[in-house]
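Peer 1: Data: structure.tsv, TSV, C-alpha atoms.
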```
chain	number	residue	atom	x	y	z
A	950	MET	CA	48.33	-9.69	-70.26
A	951	ASN	CA	47.14	-9.76	-66.69
A	952	GLU	CA	44.41	-12.39	-66.88
A	953	ARG	CA	44.40	-15.07	-64.25
A	954	VAL	CA	44.23	-18.59	-65.71
A	955	SER	CA	42.66	-21.57	-63.94
A	956	PHE	CA	43.62	-25.06	-65.09
A	957	VAL	CA	40.90	-27.61	-64.30
A	958	LEU	CA	42.22	-31.18	-64.15
A	959	PRO	CA	39.60	-33.89	-63.44
A	960	SER	CA	41.41	-37.01	-62.21
A	961	LEU	CA	40.90	-40.62	-61.22
A	962	ASN	CA	43.95	-42.81	-60.64
A	963	GLU	CA	46.21	-40.65	-62.82
A	964	GLU	CA	49.46	-41.33	-60.96
A	965	LYS	CA	51.22	-42.33	-64.20
A	966	ASN	CA	50.10	-39.31	-66.21
A	967	ILE	CA	49.61	-36.31	-64.00
A	968	VAL	CA	53.26	-35.30	-63.44
A	969	ARG	CA	53.78	-35.02	-67.20
A	970	CYS	CA	50.66	-32.86	-67.39
A	971	LEU	CA	51.69	-30.66	-64.45
A	972	ASN	CA	55.24	-30.27	-65.79
A	973	SER	CA	53.88	-28.98	-69.08
A	974	ILE	CA	51.97	-26.29	-67.18
A	975	GLY	CA	54.93	-25.55	-64.96
A	976	LYS	CA	57.22	-24.81	-67.92
A	977	GLN	CA	54.92	-22.12	-69.35
A	978	THR	CA	56.44	-18.66	-69.79
A	979	TYR	CA	53.18	-17.03	-68.68
A	980	PRO	CA	53.57	-15.47	-65.19
A	981	HIS	CA	53.17	-18.29	-62.66
A	982	ASP	CA	51.57	-16.00	-60.12
A	983	ARG	CA	48.67	-15.64	-62.59
A	984	ILE	CA	48.13	-19.40	-62.83
A	985	GLU	CA	46.24	-21.78	-60.54
A	986	ILE	CA	45.70	-25.52	-60.93
A	987	ILE	CA	42.62	-27.23	-59.50
A	988	VAL	CA	42.73	-31.03	-59.49
A	989	SER	CA	39.21	-32.39	-59.15
A	990	ASP	CA	39.93	-35.89	-57.89
A	991	ALA	CA	37.35	-38.69	-57.85
A	992	HIS	CA	38.88	-40.34	-54.75
A	993	SER	CA	41.81	-41.98	-56.50
A	994	THR	CA	43.05	-45.19	-54.93
A	995	ASP	CA	46.58	-44.87	-56.31
A	996	ARG	CA	49.17	-42.19	-55.44
A	997	THR	CA	47.60	-39.40	-57.54
A	998	ARG	CA	47.06	-37.06	-54.59
A	999	GLU	CA	50.49	-37.68	-53.11
A	1000	VAL	CA	52.11	-36.99	-56.47
A	1001	VAL	CA	50.17	-33.73	-56.87
A	1002	ASP	CA	51.08	-32.58	-53.37
A	1003	ALA	CA	54.75	-33.37	-53.97
A	1004	TRP	CA	54.75	-31.48	-57.27
A	1005	ALA	CA	53.06	-28.47	-55.69
A	1006	GLY	CA	55.70	-28.34	-52.99
A	1007	GLU	CA	58.43	-28.03	-55.62
A	1008	HIS	CA	56.86	-25.41	-57.88
A	1009	ASP	CA	55.70	-21.79	-57.67
A	1010	ILE	CA	52.18	-22.36	-59.02
A	1011	GLU	CA	49.19	-22.57	-56.69
A	1012	VAL	CA	47.68	-26.07	-56.70
A	1013	ARG	CA	44.49	-27.20	-54.96
A	1014	ILE	CA	42.81	-30.59	-54.79
A	1015	VAL	CA	39.03	-30.80	-54.51
A	1016	ASP	CA	36.84	-33.91	-54.19
A	1017	ASN	CA	34.67	-35.18	-57.01
A	1018	ASP	CA	32.22	-37.43	-55.18
A	1019	ARG	CA	30.28	-38.23	-58.37
A	1020	ILE	CA	33.30	-39.83	-60.14
A	1021	ILE	CA	32.21	-38.82	-63.68
A	1022	THR	CA	34.47	-36.23	-65.37
A	1023	GLU	CA	31.66	-33.76	-66.07
A	1024	PHE	CA	30.81	-33.61	-62.36
A	1025	GLY	CA	34.49	-33.12	-61.59
A	1026	ASN	CA	34.64	-30.20	-64.02
A	1027	ALA	CA	31.71	-28.56	-62.23
A	1028	VAL	CA	33.22	-29.00	-58.77
A	1029	ALA	CA	36.51	-27.45	-59.86
A	1030	LEU	CA	34.89	-24.59	-61.77
A	1031	LYS	CA	33.04	-23.51	-58.65
A	1032	GLN	CA	36.44	-23.11	-56.98
A	1033	ALA	CA	38.20	-21.49	-59.93
A	1034	ARG	CA	39.15	-17.82	-59.70
A	1035	GLY	CA	40.55	-17.38	-63.20
A	1036	ASP	CA	39.42	-14.96	-65.88
A	1037	LEU	CA	40.21	-17.78	-68.31
A	1038	ILE	CA	39.52	-21.49	-67.77
A	1039	TRP	CA	41.57	-24.30	-69.34
A	1040	ILE	CA	39.92	-27.71	-68.91
A	1041	MET	CA	42.69	-30.26	-69.39
A	1042	GLY	CA	42.84	-34.02	-69.12
A	1043	CYS	CA	45.56	-35.40	-66.89
A	1044	ASP	CA	46.70	-37.51	-69.84
A	1045	ALA	CA	47.45	-34.38	-71.90
A	1046	GLU	CA	50.55	-32.19	-72.05
A	1047	ILE	CA	51.17	-28.73	-73.49
A	1048	VAL	CA	54.04	-28.82	-75.97
A	1049	GLU	CA	55.45	-25.30	-76.36
A	1050	GLU	CA	56.60	-23.19	-73.42
A	1051	GLY	CA	54.92	-20.11	-74.89
A	1052	CYS	CA	51.61	-21.82	-75.63
A	1053	LEU	CA	49.59	-20.34	-72.77
A	1054	GLU	CA	51.00	-16.89	-73.44
A	1055	ALA	CA	49.99	-17.16	-77.12
A	1056	TYR	CA	46.50	-18.41	-76.28
A	1057	VAL	CA	45.87	-15.68	-73.71
A	1058	LYS	CA	46.99	-13.09	-76.27
A	1059	ALA	CA	44.24	-14.35	-78.61
A	1060	PHE	CA	41.64	-12.73	-76.35
A	1061	ASP	CA	43.33	-9.36	-76.92
A	1062	VAL	CA	43.64	-9.91	-80.66
A	1063	PHE	CA	39.97	-10.93	-80.96
A	1064	PRO	CA	37.98	-9.50	-78.01
A	1065	ASP	CA	34.73	-11.14	-79.15
A	1066	ILE	CA	35.92	-14.76	-78.91
A	1067	VAL	CA	34.57	-17.10	-76.22
A	1068	GLY	CA	37.58	-19.39	-76.31
A	1069	VAL	CA	40.61	-20.84	-78.04
A	1070	GLU	CA	40.84	-24.24	-79.68
A	1071	ARG	CA	44.04	-26.21	-79.82
A	1072	LYS	CA	46.26	-28.01	-82.30
A	1073	LYS	CA	46.96	-31.63	-81.45
A	1074	TYR	CA	50.38	-33.19	-82.09
A	1075	LYS	CA	51.46	-36.77	-82.68
A	1076	ILE	CA	53.26	-38.40	-79.77
A	1077	PRO	CA	56.83	-39.46	-80.59
A	1078	GLY	CA	56.93	-43.20	-79.97
A	1079	GLY	CA	53.24	-43.14	-79.08
A	1080	SER	CA	50.70	-45.79	-79.95
A	1081	LEU	CA	49.46	-46.00	-83.54
A	1082	ILE	CA	45.87	-45.57	-82.37
A	1083	ASN	CA	46.69	-42.44	-80.41
A	1084	ASN	CA	48.52	-40.90	-83.35
A	1085	TYR	CA	45.73	-41.85	-85.77
A	1086	ILE	CA	43.30	-39.94	-83.53
A	1087	THR	CA	45.65	-36.96	-83.73
A	1088	VAL	CA	45.76	-37.12	-87.53
A	1089	ALA	CA	41.97	-37.51	-87.77
A	1090	ASP	CA	41.62	-34.63	-85.26
A	1091	TRP	CA	38.65	-36.28	-83.51
A	1092	GLY	CA	38.88	-38.76	-80.66
A	1093	ASP	CA	35.79	-40.51	-81.95
A	1094	PRO	CA	35.42	-41.67	-85.59
A	1095	LEU	CA	31.62	-41.59	-85.35
A	1096	ALA	CA	31.57	-38.07	-83.87
A	1097	ARG	CA	33.93	-37.00	-86.64
A	1098	GLU	CA	31.37	-38.12	-89.19
A	1099	ILE	CA	28.53	-36.00	-87.77
A	1100	GLY	CA	30.58	-33.05	-86.54
A	1101	ARG	CA	30.98	-29.78	-88.42
A	1102	GLU	CA	34.19	-27.83	-88.68
A	1103	PRO	CA	34.25	-24.08	-87.90
A	1104	THR	CA	34.31	-21.44	-90.64
A	1105	LEU	CA	37.38	-19.20	-90.93
A	1106	LEU	CA	36.45	-15.52	-90.64
A	1107	GLU	CA	39.73	-13.64	-90.27
A	1108	VAL	CA	43.51	-14.07	-90.02
A	1109	ARG	CA	45.83	-11.65	-88.20
A	1110	GLN	CA	49.60	-11.55	-87.71
A	1111	VAL	CA	50.52	-10.28	-84.24
A	1112	ASP	CA	53.95	-10.49	-82.56
A	1113	GLY	CA	55.12	-12.98	-85.16
A	1114	ARG	CA	52.19	-15.32	-84.53
A	1115	THR	CA	49.25	-16.22	-86.76
A	1116	TYR	CA	45.84	-15.83	-85.09
A	1117	ARG	CA	42.70	-17.18	-86.74
A	1118	ARG	CA	39.18	-16.09	-85.87
A	1119	LEU	CA	36.46	-18.65	-86.61
A	1120	ARG	CA	32.74	-19.27	-86.20
A	1121	PHE	CA	31.83	-22.65	-84.68
A	1122	TYR	CA	28.53	-24.48	-84.93
A	1123	PRO	CA	26.39	-26.62	-82.58
A	1124	GLU	CA	27.98	-29.71	-84.16
A	1125	PHE	CA	31.46	-28.71	-82.93
A	1126	PRO	CA	31.79	-29.97	-79.32
A	1127	LYS	CA	35.43	-29.20	-78.55
A	1128	LEU	CA	37.21	-26.14	-77.24
A	1129	LEU	CA	40.07	-25.72	-74.80
A	1130	LEU	CA	40.60	-22.36	-73.10
A	1131	TYR	CA	37.35	-20.58	-72.19
A	1132	LYS	CA	36.64	-16.97	-71.30
A	1133	ARG	CA	35.06	-17.16	-67.87
A	1134	SER	CA	32.48	-14.48	-68.63
A	1135	ALA	CA	31.29	-16.53	-71.62
A	1136	ILE	CA	30.62	-19.65	-69.54
A	1137	ALA	CA	29.56	-17.99	-66.28
A	1138	ARG	CA	25.94	-19.12	-66.65
A	1139	TYR	CA	27.05	-22.78	-66.72
A	1140	ILE	CA	29.40	-22.74	-63.72
A	1141	ASP	CA	26.75	-23.29	-61.06
A	1142	ALA	CA	25.32	-26.35	-62.84
A	1143	GLU	CA	25.69	-29.85	-61.41
A	1144	GLN	CA	27.73	-30.86	-64.44
A	1145	PHE	CA	29.95	-29.02	-66.90
A	1146	THR	CA	29.70	-30.93	-70.17
A	1147	GLU	CA	31.74	-29.22	-72.85
A	1148	GLY	CA	29.66	-30.52	-75.77
A	1149	LEU	CA	26.47	-29.15	-74.21
A	1150	VAL	CA	28.11	-25.82	-73.38
A	1151	MET	CA	29.37	-25.45	-76.95
A	1152	LEU	CA	25.91	-26.38	-78.25
A	1153	ASP	CA	24.22	-23.73	-76.13
A	1154	LEU	CA	26.79	-21.05	-76.96
A	1155	ALA	CA	26.32	-21.71	-80.68
A	1156	LYS	CA	22.54	-21.59	-80.39
A	1157	ARG	CA	22.83	-18.25	-78.56
A	1158	GLY	CA	25.04	-16.84	-81.31
A	1159	GLU	CA	28.02	-16.61	-78.95
A	1160	ASN	CA	30.06	-18.81	-81.25
A	1161	ILE	CA	33.30	-17.03	-82.17
A	1162	MET	CA	36.57	-18.76	-81.29
A	1163	ALA	CA	40.25	-18.57	-82.17
A	1164	ARG	CA	43.13	-20.78	-83.18
A	1165	VAL	CA	46.82	-19.91	-82.94
A	1166	ASP	CA	49.16	-21.52	-85.47
A	1167	GLY	CA	52.15	-23.40	-84.12
A	1168	TYR	CA	50.93	-24.06	-80.59
A	1169	GLY	CA	49.22	-27.12	-79.18
A	1170	TYR	CA	49.32	-30.23	-77.04
A	1171	ARG	CA	49.61	-34.00	-77.01
A	1172	HIS	CA	46.91	-36.29	-75.68
A	1173	HIS	CA	47.97	-39.71	-74.36
A	1174	HIS	CA	44.43	-41.09	-74.13
A	1175	ALA	CA	44.38	-44.19	-76.36
A	1176	THR	CA	47.43	-46.28	-75.62
A	1177	SER	CA	45.89	-49.51	-76.96
A	1178	PHE	CA	42.97	-50.92	-78.91
A	1179	ALA	CA	41.40	-52.07	-75.62
A	1180	ALA	CA	41.70	-48.55	-74.20
A	1181	PHE	CA	40.05	-47.18	-77.33
A	1182	LEU	CA	37.08	-49.56	-76.95
A	1183	ARG	CA	36.73	-48.81	-73.23
A	1184	LYS	CA	36.57	-45.11	-74.01
A	1185	ARG	CA	33.89	-45.65	-76.69
A	1186	ALA	CA	31.84	-47.77	-74.30
A	1187	LYS	CA	32.08	-45.15	-71.57
A	1188	ILE	CA	30.99	-42.39	-73.94
A	1189	ALA	CA	28.07	-44.51	-75.18
A	1190	ARG	CA	26.82	-44.96	-71.61
A	1191	LYS	CA	27.15	-41.24	-70.92
A	1192	HIS	CA	25.31	-40.33	-74.10
A	1193	MET	CA	22.43	-42.72	-73.45
A	1194	THR	CA	22.10	-41.40	-69.90
A	1195	ARG	CA	22.23	-37.79	-70.99
A	1196	VAL	CA	19.68	-37.94	-73.82
A	1197	GLN	CA	17.05	-39.21	-71.40
A	1198	THR	CA	16.91	-35.78	-69.75
A	1199	GLU	CA	18.45	-33.24	-72.12
A	1200	ALA	CA	19.52	-32.54	-75.68
A	1201	SER	CA	23.08	-33.08	-76.87
A	1202	TRP	CA	25.11	-31.80	-79.79
A	1203	VAL	CA	24.74	-35.27	-81.35
A	1204	ASN	CA	20.94	-35.05	-81.21
A	1205	HIS	CA	21.06	-31.51	-82.55
A	1206	SER	CA	22.92	-32.73	-85.62
A	1207	GLY	CA	19.98	-35.05	-86.31
A	1208	GLY	CA	19.27	-38.54	-85.01
A	1209	LYS	CA	18.94	-39.92	-88.54
A	1210	ARG	CA	22.38	-38.60	-89.37
A	1211	LEU	CA	23.84	-40.41	-86.37
A	1212	TYR	CA	22.23	-43.74	-87.24
A	1213	TRP	CA	23.13	-43.40	-90.89
A	1214	ALA	CA	26.77	-42.71	-89.98
A	1215	ALA	CA	26.79	-45.72	-87.64
A	1216	PHE	CA	25.35	-47.91	-90.39
A	1217	LEU	CA	28.00	-46.76	-92.87
A	1218	HIS	CA	30.77	-47.47	-90.36
A	1219	LEU	CA	29.44	-50.97	-89.70
A	1220	THR	CA	29.49	-51.80	-93.42
A	1221	VAL	CA	33.31	-51.69	-93.34
A	1222	VAL	CA	33.27	-50.80	-97.04
A	1223	TYR	CA	32.66	-47.07	-96.57
A	1224	PRO	CA	35.41	-46.45	-93.97
A	1225	LEU	CA	37.80	-48.70	-95.89
A	1226	VAL	CA	37.41	-46.71	-99.12
A	1227	TYR	CA	37.61	-43.45	-97.19
A	1228	SER	CA	40.75	-44.49	-95.31
A	1229	LEU	CA	42.51	-45.59	-98.51
A	1230	ILE	CA	41.72	-42.29	-100.21
A	1231	ARG	CA	42.99	-40.22	-97.26
A	1232	ALA	CA	46.10	-42.38	-96.82
A	1233	VAL	CA	47.08	-41.93	-100.47
A	1234	ARG	CA	46.09	-38.27	-100.76
A	1235	GLU	CA	47.91	-37.23	-97.57
A	1236	ARG	CA	50.66	-39.85	-97.75
A	1237	GLU	CA	49.78	-40.77	-94.18
A	1238	PRO	CA	49.71	-44.53	-93.40
A	1239	LEU	CA	47.91	-43.88	-90.09
A	1240	TRP	CA	44.70	-43.36	-92.05
A	1241	LEU	CA	44.69	-47.11	-92.71
A	1242	LEU	CA	43.55	-47.53	-89.09
A	1243	HIS	CA	40.41	-45.53	-89.85
A	1244	ALA	CA	38.38	-48.46	-91.19
A	1245	PRO	CA	38.91	-50.96	-88.33
A	1246	LEU	CA	38.49	-48.26	-85.68
A	1247	CYS	CA	35.30	-46.98	-87.32
A	1248	PHE	CA	33.82	-50.47	-87.37
A	1249	SER	CA	34.89	-51.41	-83.84
A	1250	GLY	CA	33.88	-48.02	-82.44
A	1251	ALA	CA	30.41	-48.19	-83.99
A	1252	ALA	CA	30.04	-51.78	-82.79
A	1253	ALA	CA	31.00	-50.77	-79.25
A	1254	TYR	CA	28.36	-48.04	-79.31
A	1255	ALA	CA	25.71	-50.41	-80.66
A	1256	VAL	CA	26.41	-53.05	-78.02
A	1257	ASN	CA	26.39	-50.55	-75.14
A	1258	TRP	CA	23.27	-48.75	-76.35
A	1259	LEU	CA	21.47	-52.09	-76.57
A	1260	TYR	CA	22.74	-53.09	-73.12
A	1261	ILE	CA	21.49	-49.85	-71.57
A	1262	LYS	CA	18.14	-50.13	-73.32
A	1263	ILE	CA	17.65	-53.62	-71.91
A	1264	THR	CA	19.05	-53.14	-68.40
A	1265	ARG	CA	17.96	-49.49	-67.92
A	1266	ARG	CA	21.33	-48.86	-66.27
A	1267	LYS	CA	22.75	-45.35	-66.40
A	1268	ALA	CA	26.24	-43.86	-66.36
A	1269	TRP	CA	25.44	-41.99	-63.11
```
Rewrite the structure of this file - the entire thing - as structure tokens.
Peer 2:
Amino acid sequence: MNERVSFVLPSLNEEKNIVRCLNSIGKQTYPHDRIEIIVSDAHSTDRTREVVDAWAGEHDIEVRIVDNDRIITEFGNAVALKQARGDLIWIMGCDAEIVEEGCLEAYVKAFDVFPDIVGVERKKYKIPGGSLINNYITVADWGDPLAREIGREPTLLEVRQVDGRTYRRLRFYPEFPKLLLYKRSAIARYIDAEQFTEGLVMLDLAKRGENIMARVDGYGYRHHHATSFAAFLRKRAKIARKHMTRVQTEASWVNHSGGKRLYWAAFLHLTVVYPLVYSLIRAVREREPLWLLHAPLCFSGAAAYAVNWLYIKITRRKAW
């Protein structure tokens, strides 16, 4: 394994999170001279940059900070990607952390096991002592209850045992907007764009038939992105504004899945009854009390979308 790996970390006032994220990269058993970290910072007003500089001075991994003048994450991704030199690209939120020390090594190996894959998807773990909302999102495996309703899971094609690890080869569809570690050659055509929006990239790859990915059992990460109910609603509102801005000029994976499907899912979530019955069934079947949060989060998430969509329709304001 000689591939160079570029970690892309879009940031804005991530002083409290970014050291945990960087430490999880720094503990990886993969050769550190084959790793680079590019922090695409949207002019943070806290100590994010100072913290990154201090961490870089104490570790043997190359770290660079670039400016994201457009603030929005997708613009930050694009700025960093233009600077990245890796054969593989890992786009990682500053509020995430890799769990196992051998995770990167296992994920890179997946490209040898299955040469035709465009990327590797991750397993998400609960956070010990973390917020109930955050851990519910982990159990549900989608950060967004509404997106979960209209998304489509990949199809398993093959399983291989290599070096004591289980590698799974899967086919993903346009309605599956999440990946993690990308093969640079697979996304090269998108790197010079003004934005790098993962959902749109996945949509286009699937439509082109370049839609084979991998999963590796027993390796994953934690995402500390919903520490409270208020944080959950703020995230939903932000995504609603981005979506409404984006669909004015281009298609999205949500539109591809069918506008009627989206509105029907939103209606069902707002009834309360549907998500309540669903959450009770999943909680009992899986013996997982966190599913009881599904109903209130479905309702509040759909309501947040509805309010923000209406606001944008009336005011004509955009996310960027």
Peer 1: For range 1085-1101 of chain A, find every residue with an atom within 8 Å (counting all atoms listed in the file), except residues of its own chain fewer than 5 positions away, and show them as a PyMOL selection string.
Peer 2: chain A and resi 1073-1075+1122+1124-1126+1185+1203+1206+1210-1211+1214-1215+1218+1239-1240+1242-1243+1246-1247+1250-1251
Peer 1: Let's have the selection written as an mmCIF file, in the frame of the given file, with C-alpha atoms.
Peer 2:
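What ended up in again_22.cif:
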```
data_model
loop_
_atom_site.group_PDB
_atom_site.id
_atom_site.type_symbol
_atom_site.label_atom_id
_atom_site.label_comp_id
_atom_site.auth_asym_id
_atom_site.auth_seq_id
_atom_site.Cartn_x
_atom_site.Cartn_y
_atom_site.Cartn_z
ATOM 1 C CA LYS A 1073 46.960 -31.630 -81.450
ATOM 2 C CA TYR A 1074 50.380 -33.190 -82.090
ATOM 3 C CA LYS A 1075 51.460 -36.770 -82.680
ATOM 4 C CA TYR A 1122 28.530 -24.480 -84.930
ATOM 5 C CA GLU A 1124 27.980 -29.710 -84.160
ATOM 6 C CA PHE A 1125 31.460 -28.710 -82.930
ATOM 7 C CA PRO A 1126 31.790 -29.970 -79.320
ATOM 8 C CA ARG A 1185 33.890 -45.650 -76.690
ATOM 9 C CA VAL A 1203 24.740 -35.270 -81.350
ATOM 10 C CA SER A 1206 22.920 -32.730 -85.620
ATOM 11 C CA ARG A 1210 22.380 -38.600 -89.370
ATOM 12 C CA LEU A 1211 23.840 -40.410 -86.370
ATOM 13 C CA ALA A 1214 26.770 -42.710 -89.980
ATOM 14 C CA ALA A 1215 26.790 -45.720 -87.640
ATOM 15 C CA HIS A 1218 30.770 -47.470 -90.360
ATOM 16 C CA LEU A 1239 47.910 -43.880 -90.090
ATOM 17 C CA TRP A 1240 44.700 -43.360 -92.050
ATOM 18 C CA LEU A 1242 43.550 -47.530 -89.090
ATOM 19 C CA HIS A 1243 40.410 -45.530 -89.850
ATOM 20 C CA LEU A 1246 38.490 -48.260 -85.680
ATOM 21 C CA CYS A 1247 35.300 -46.980 -87.320
ATOM 22 C CA GLY A 1250 33.880 -48.020 -82.440
ATOM 23 C CA ALA A 1251 30.410 -48.190 -83.990
#
```
Peer 1: Between A:Leu1037, A:Ile986, A:Ala1179, A:Ile1082, which residue has the minimum interatomic distance to Lys1132 in chain A, considering only C-alpha atoms?
Peer 2: A:Leu1037
Peer 1: Between CA of Gly1051 in chain A and CA of Glu1107 in chain A, what is the distance, to one decimal in Å?
Peer 2: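 For CA of Gly1051 in chain A relative to CA of Glu1107 in chain A, the distance reads 22.6 Å.
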Peer 1: Distance cut-off 9 Å, centre (39.4, -45.8, -93.7) in file coordinates, counting all atoms listed in the file: which residues qualify? Return them as a PyMOL selection string.
Peer 2: chain A and resi 1221-1232+1240-1247
Peer 1: Let me make sure I understand: among A:Glu1054, A:Glu963, A:Glu1046, A:Asp1002, which one has the smallest atom-to-atom distance to Gln977 in chain A if we use all atoms listed in the file?
Peer 2: A:Glu1054
Peer 1: Identify the residues around (29.5, -26.7, -61.7) within a radius of 12 Å, measuring from all atoms listed in the file in the coordinates stated by the file, and give them as a list in words.
Peer 2: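 The residues near that point, listed by chain and number, are Val957, Ser989, Asn1017, Thr1022, Glu1023, Phe1024, Gly1025, Asn1026, Ala1027, Val1028, Ala1029, Leu1030, Lys1031, Gln1032, Ala1033, Ile1136, Ala1137, Arg1138, Tyr1139, Ile1140, Asp1141, Ala1142, Glu1143, Gln1144, Phe1145, Thr1146, Glu1147 and Val1150 of chain A.
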Peer 1: Identify which of the residues A:Asp1153, A:Asp1061, A:Asp1112, A:Asp1009 lies closest to Gly975 in chain A, counting all atoms listed in the file when measuring atom-to-atom distances.
Peer 2: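 Once distances to Gly975 in chain A are computed over all atoms listed in the file, the minimum belongs to A:Asp1009.
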Peer 1: When you look at Val1012 in chain A with a cut-off of 6 Å (counting all atoms listed in the file), what residues show up, excluding the ones that are within fewer than 2 positions of it in the same chain? I need them as a compact mmCIF listing (two decimals) with C-alpha atoms, in the coordinates of the input.
Peer 2:
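Written output follows (selection-v8.txt):
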```txt
# COMPACT_ATOMS: atom_id res chain seq x y z
CA GLU A 985 46.24 -21.78 -60.54
CA ILE A 986 45.70 -25.52 -60.93
CA ILE A 987 42.62 -27.23 -59.50
CA ALA A 1005 53.06 -28.47 -55.69
```
Peer 1: Would you mind putting N, CA and C atoms back on range 1146-1162 of chain A and writing the result as a PDB file, in the frame of the given file?
Peer 2:
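Final output, out-v2.pdb:
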```
ATOM      1  N   THR A1146      29.475 -30.059 -69.023  1.00  0.00           N
ATOM      2  CA  THR A1146      29.700 -30.930 -70.170  1.00  0.00           C
ATOM      3  C   THR A1146      30.045 -30.053 -71.362  1.00  0.00           C
ATOM      4  N   GLU A1147      31.268 -30.162 -71.845  1.00  0.00           N
ATOM      5  CA  GLU A1147      31.740 -29.220 -72.850  1.00  0.00           C
ATOM      6  C   GLU A1147      30.909 -29.254 -74.129  1.00  0.00           C
ATOM      7  N   GLY A1148      30.488 -30.439 -74.577  1.00  0.00           N
ATOM      8  CA  GLY A1148      29.660 -30.520 -75.770  1.00  0.00           C
ATOM      9  C   GLY A1148      28.358 -29.764 -75.632  1.00  0.00           C
ATOM     10  N   LEU A1149      27.732 -29.852 -74.449  1.00  0.00           N
ATOM     11  CA  LEU A1149      26.470 -29.150 -74.210  1.00  0.00           C
ATOM     12  C   LEU A1149      26.684 -27.641 -74.101  1.00  0.00           C
ATOM     13  N   VAL A1150      27.792 -27.247 -73.497  1.00  0.00           N
ATOM     14  CA  VAL A1150      28.110 -25.820 -73.380  1.00  0.00           C
ATOM     15  C   VAL A1150      28.346 -25.225 -74.771  1.00  0.00           C
ATOM     16  N   MET A1151      29.111 -25.925 -75.596  1.00  0.00           N
ATOM     17  CA  MET A1151      29.370 -25.450 -76.950  1.00  0.00           C
ATOM     18  C   MET A1151      28.070 -25.376 -77.754  1.00  0.00           C
ATOM     19  N   LEU A1152      27.206 -26.368 -77.569  1.00  0.00           N
ATOM     20  CA  LEU A1152      25.910 -26.380 -78.250  1.00  0.00           C
ATOM     21  C   LEU A1152      25.098 -25.144 -77.874  1.00  0.00           C
ATOM     22  N   ASP A1153      25.025 -24.858 -76.584  1.00  0.00           N
ATOM     23  CA  ASP A1153      24.220 -23.730 -76.130  1.00  0.00           C
ATOM     24  C   ASP A1153      24.817 -22.391 -76.572  1.00  0.00           C
ATOM     25  N   LEU A1154      26.143 -22.277 -76.504  1.00  0.00           N
ATOM     26  CA  LEU A1154      26.790 -21.050 -76.960  1.00  0.00           C
ATOM     27  C   LEU A1154      26.501 -20.797 -78.441  1.00  0.00           C
ATOM     28  N   ALA A1155      26.569 -21.853 -79.243  1.00  0.00           N
ATOM     29  CA  ALA A1155      26.320 -21.710 -80.680  1.00  0.00           C
ATOM     30  C   ALA A1155      24.877 -21.311 -80.939  1.00  0.00           C
ATOM     31  N   LYS A1156      23.950 -21.915 -80.199  1.00  0.00           N
ATOM     32  CA  LYS A1156      22.540 -21.590 -80.390  1.00  0.00           C
ATOM     33  C   LYS A1156      22.229 -20.151 -79.963  1.00  0.00           C
ATOM     34  N   ARG A1157      23.010 -19.631 -79.015  1.00  0.00           N
ATOM     35  CA  ARG A1157      22.830 -18.250 -78.560  1.00  0.00           C
ATOM     36  C   ARG A1157      23.515 -17.243 -79.484  1.00  0.00           C
ATOM     37  N   GLY A1158      24.302 -17.740 -80.432  1.00  0.00           N
ATOM     38  CA  GLY A1158      25.040 -16.840 -81.310  1.00  0.00           C
ATOM     39  C   GLY A1158      26.347 -16.360 -80.716  1.00  0.00           C
ATOM     40  N   GLU A1159      26.760 -16.954 -79.593  1.00  0.00           N
ATOM     41  CA  GLU A1159      28.020 -16.610 -78.950  1.00  0.00           C
ATOM     42  C   GLU A1159      29.069 -17.640 -79.383  1.00  0.00           C
ATOM     43  N   ASN A1160      29.328 -17.683 -80.669  1.00  0.00           N
ATOM     44  CA  ASN A1160      30.060 -18.810 -81.250  1.00  0.00           C
ATOM     45  C   ASN A1160      31.279 -18.383 -82.065  1.00  0.00           C
ATOM     46  N   ILE A1161      32.054 -17.445 -81.524  1.00  0.00           N
ATOM     47  CA  ILE A1161      33.300 -17.030 -82.170  1.00  0.00           C
ATOM     48  C   ILE A1161      34.475 -17.525 -81.328  1.00  0.00           C
ATOM     49  N   MET A1162      35.409 -18.195 -81.969  1.00  0.00           N
ATOM     50  CA  MET A1162      36.570 -18.760 -81.290  1.00  0.00           C
ATOM     51  C   MET A1162      37.832 -18.430 -82.069  1.00  0.00           C
TER      52      MET A1162
END
```
